[in-house]
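Undergrad: Sharing a structure here in structure tokens format.
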Amino acid sequence: MGVCIAAASGASASQRITPYLADSASNTGIAIVVCPGGSYSWLDMETEGTGVAKWLQANGINAFVLRYRVASVAAYITGFRVLGIGHKYPDMLQDVEDALQYVYEHAQEAGIDTSRIGVMGFSAGGHLTMMSYILNRTHYKPKFLCPVYPVVSMSDRRYTHNRSRRGALGVWRQWNRQMQDSLSIERHIPQDCPPVFLVNCKDDPIVRYQNSELLDSALTANHIQHTYIQYATGGHGFGASEQKGTAESRQWKKEFLSWIDLLYDHERE
């Protein structure tokens with residue numbers, strides 16, 4: 001069911017999240033805010049939203065699909081020739097902050113352990129996933145992060161996904177070097193970053209695979225607990241689908257479930 005959540009900052013706009021709560025018998029106490037991708041211009045709510053949430057729910061994980069604000073499909077189609085259209089950063093950051101606040105505040109009634117709340121996102125949503133901790137302006141922070149084939153750099157000209165940068169920053173701010181730097185995830189990994197599960201494919205035709213390598217290197221340099229899996233095949237945009245991607249890339253779901261089990265098994269020891 002859909003749930004309206006008011007912006008924590010007091011802004012008049014409210015955002016919509018859709019919860020997929022695990023059955024009480026199988027509930028692991030884990031909750032994940034799911035951020036679909038779409039170049040910060042639209043949202044793939046089916047493959048990277050609903051499909052992901054149902055898979056998580058079936059495995060005892062409470063999922064909350066976030067319809068965060070983006071620039072709009074019209075901006076994407078017109079190549080942003082219509083100036084001033086849609087939403088820009090930090091709107092999407094505020095939305096994921098609000099979603100995390102909602103999950104924390106409703107944790108008890110949903111059987112959620114507040115030490116097991118994370119964020120998972122795809123493509124531009126993977127970039128938002130990392131921002132949900134790195135740039136989070138609240139104390140409602142995720143305890144783990146799962147970016148899948150994420151956009152990472154907004155400043156490295158070799159690898160930047162230009163449509164996502166334009167969607168996040170807008171027509172004029174996309175060229176602002178300070179803004180580019182501030183949203184380049186690989187440059188701002190904090191020492192207290194929570195555990196990260198990172199996945200991508202080397203044959204990704206949309207977001208260059210080096211984005212994930214930059215993130216992996218930054219996490220390693222900062223001694224952050226993380227797992228990085230790079231598949232040779234699978235492309236982009238497969239989410240939790242059993243049809244999209246390849247048999248190889250679809251293994252990421254099993255690997256993630258093993259990773260999250262191990263993560264909390266270690267905490268119990």
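Order determines the names: the first chain of the structure tokens is A, the second B, and so forth; residues in each chain are numbered 1 upward, and ligands are numbered 1 upward as they are shown.
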Show which residues sit within 7 Å of Phe122 in chain A, as a ChimeraX atom specification. Count only C-alpha atoms, and ignore same-chain residues fewer than 2 positions away.

TA: /A:35-37,48,124-126,147-150

Undergrad: Using DSSP secondary structure from the backbone, list all strand (DSSP E) positions within range 22-241 of chain A, as a PyMOL selection string.

TA: chain A and resi 31-35+62-67+117-122+144-148+196-201+226-231

Undergrad: What lies within 8 Å of Met131 in chain A using only C-alpha atoms, ignoring chain neighbours under 3 positions off, as an mmCIF file with N, CA, C and O atoms, in the first residue's frame?

TA:
data_model
loop_
_atom_site.group_PDB
_atom_site.id
_atom_site.type_symbol
_atom_site.label_atom_id
_atom_site.label_comp_id
_atom_site.auth_asym_id
_atom_site.auth_seq_id
_atom_site.Cartn_x
_atom_site.Cartn_y
_atom_site.Cartn_z
ATOM 1 N N LEU A 93 17.701 13.924 -2.490
ATOM 2 C CA LEU A 93 18.361 13.617 -1.225
ATOM 3 C C LEU A 93 17.384 13.795 -0.059
ATOM 4 O O LEU A 93 17.320 12.956 0.843
ATOM 5 N N HIS A 127 23.578 5.917 -7.101
ATOM 6 C CA HIS A 127 24.232 7.156 -6.694
ATOM 7 C C HIS A 127 23.500 7.749 -5.494
ATOM 8 O O HIS A 127 24.117 8.160 -4.494
ATOM 9 N N LEU A 128 22.175 7.762 -5.552
ATOM 10 C CA LEU A 128 21.367 8.260 -4.443
ATOM 11 C C LEU A 128 21.565 7.394 -3.195
ATOM 12 O O LEU A 128 21.565 7.907 -2.066
ATOM 13 N N ILE A 134 26.419 9.526 2.761
ATOM 14 C CA ILE A 134 27.521 10.478 2.655
ATOM 15 C C ILE A 134 27.063 11.922 2.834
ATOM 16 O O ILE A 134 27.728 12.724 3.496
ATOM 17 N N LEU A 135 25.924 12.279 2.255
ATOM 18 C CA LEU A 135 25.428 13.658 2.315
ATOM 19 C C LEU A 135 24.207 13.804 3.215
ATOM 20 O O LEU A 135 23.582 14.870 3.250
ATOM 21 N N ASN A 136 23.866 12.760 3.948
ATOM 22 C CA ASN A 136 22.686 12.775 4.808
ATOM 23 C C ASN A 136 22.816 13.870 5.879
ATOM 24 O O ASN A 136 23.802 13.920 6.611
ATOM 25 N N LEU A 183 29.069 16.044 -5.671
ATOM 26 C CA LEU A 183 28.244 14.862 -5.904
ATOM 27 C C LEU A 183 29.031 13.702 -6.504
ATOM 28 O O LEU A 183 28.440 12.716 -6.935
ATOM 29 N N ILE A 185 30.776 10.692 -5.760
ATOM 30 C CA ILE A 185 30.801 9.829 -4.577
ATOM 31 C C ILE A 185 32.212 9.370 -4.234
ATOM 32 O O ILE A 185 32.591 9.310 -3.052
#

Undergrad: Mind checking which residues fall within 8 Å of Leu214 in chain A, counting only C-alpha atoms, ignoring those fewer than 3 positions away in the same chain, and posting them as a short mmCIF file (atom, residue, chain, number, x, y, z; two decimals) with N, CA and C atoms, in the first residue's frame?

TA:
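Saved to part_17.cif:
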data_model
loop_
_atom_site.label_atom_id
_atom_site.label_comp_id
_atom_site.auth_asym_id
_atom_site.auth_seq_id
_atom_site.Cartn_x
_atom_site.Cartn_y
_atom_site.Cartn_z
N VAL A 152 28.48 6.95 -10.30
CA VAL A 152 29.35 7.30 -9.18
C VAL A 152 29.95 8.70 -9.35
N SER A 153 30.71 8.90 -10.42
CA SER A 153 31.42 10.17 -10.58
C SER A 153 30.58 11.18 -11.37
N GLU A 186 33.00 9.06 -5.24
CA GLU A 186 34.33 8.49 -4.98
C GLU A 186 35.25 9.47 -4.25
N GLN A 210 33.65 1.61 -15.14
CA GLN A 210 34.69 2.21 -14.31
C GLN A 210 34.11 3.00 -13.14
N ASN A 211 32.83 3.39 -13.22
CA ASN A 211 32.22 4.06 -12.08
C ASN A 211 32.31 3.20 -10.83
N SER A 217 37.64 1.37 -5.36
CA SER A 217 38.96 1.87 -4.97
C SER A 217 38.87 2.84 -3.81
N ALA A 218 37.86 3.71 -3.83
CA ALA A 218 37.69 4.69 -2.76
C ALA A 218 37.32 4.01 -1.45
#

Undergrad: Taking only C-alpha atoms into account, name the residue in A:Lys54, A:His161, A:His226, A:Lys244 that is nearest to Gly38 in chain A.

TA: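 Smallest separation from Gly38 in chain A among the options: A:His161.
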
Undergrad: Could you give me, as number ranges by chain, the residues within 8 Å of Ala31 in chain A, counting only C-alpha atoms and dropping anything in the same chain fewer than 4 positions from it?

TA: A: 61-64, 103, 112-113, 116-118

Undergrad: Can you spit out the residues from that selection as a PDB file, in the first residue's frame, using C-alpha atoms?

TA:
ATOM      1  CA  ILE A  61      13.192  -8.373   4.113  1.00  0.00           C
ATOM      2  CA  ASN A  62      10.890  -5.375   4.495  1.00  0.00           C
ATOM      3  CA  ALA A  63      11.123  -3.151   1.418  1.00  0.00           C
ATOM      4  CA  PHE A  64      10.037   0.448   0.914  1.00  0.00           C
ATOM      5  CA  VAL A 103      11.144   3.622   8.340  1.00  0.00           C
ATOM      6  CA  ILE A 112      12.006  -3.815  11.979  1.00  0.00           C
ATOM      7  CA  ASP A 113      15.323  -3.730  13.831  1.00  0.00           C
ATOM      8  CA  ARG A 116      19.235  -3.283  10.169  1.00  0.00           C
ATOM      9  CA  ILE A 117      17.927  -0.457   7.991  1.00  0.00           C
ATOM     10  CA  GLY A 118      19.659   0.054   4.656  1.00  0.00           C
TER      11      GLY A 118
END

Undergrad: Considering only C-alpha atoms, can you say which of A:Ser123, A:Ser24, A:Thr114, A:Ser212 comes closest to Val196 in chain A?

TA: A:Ser212

Undergrad: Mind giving me the straight-line distance from CA of Ile206 in chain A to CA of Gly245 in chain A in Å, one decimal?

TA: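 So the two atoms, CA of Ile206 in chain A and CA of Gly245 in chain A, lie 13.1 Å apart.
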
Undergrad: With only C-alpha atoms counted and 10 Å as the cut-off, give the residues of range 46-142 of chain A in contact with range 248-268 of chain A, each with its shortest interatomic distance in Å and the pair that gives it, as CSV.

TA:
residue,atom,partner,partner_atom,distance
A:Val52,CA,A:Lys253,CA,9.6
A:Trp55,CA,A:Lys253,CA,8.8
A:Leu56,CA,A:Leu257,CA,9.0
A:Asn59,CA,A:Leu257,CA,8.3
A:Ile61,CA,A:Leu257,CA,9.7
A:Ser115,CA,A:Tyr264,CA,9.6
A:Arg116,CA,A:Tyr264,CA,8.2

Undergrad: Counting only C-alpha atoms, which residue out of A:Tyr68, A:Phe238, A:Tyr20, A:Tyr209 sits closest to Asp91 in chain A?

TA: A:Tyr68

Undergrad: As number ranges by chain, please: every residue in range 42-115 of chain A that DSSP puts in alpha helix (DSSP H).

TA: A: 51-58, 73-78, 91-105, 107-110

Undergrad: Rounded to one decimal in Å, what is the spacing between CA of Pro19 in chain A and CA of Val33 in chain A?

TA: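 For CA of Pro19 in chain A relative to CA of Val33 in chain A, the distance reads 9.0 Å.
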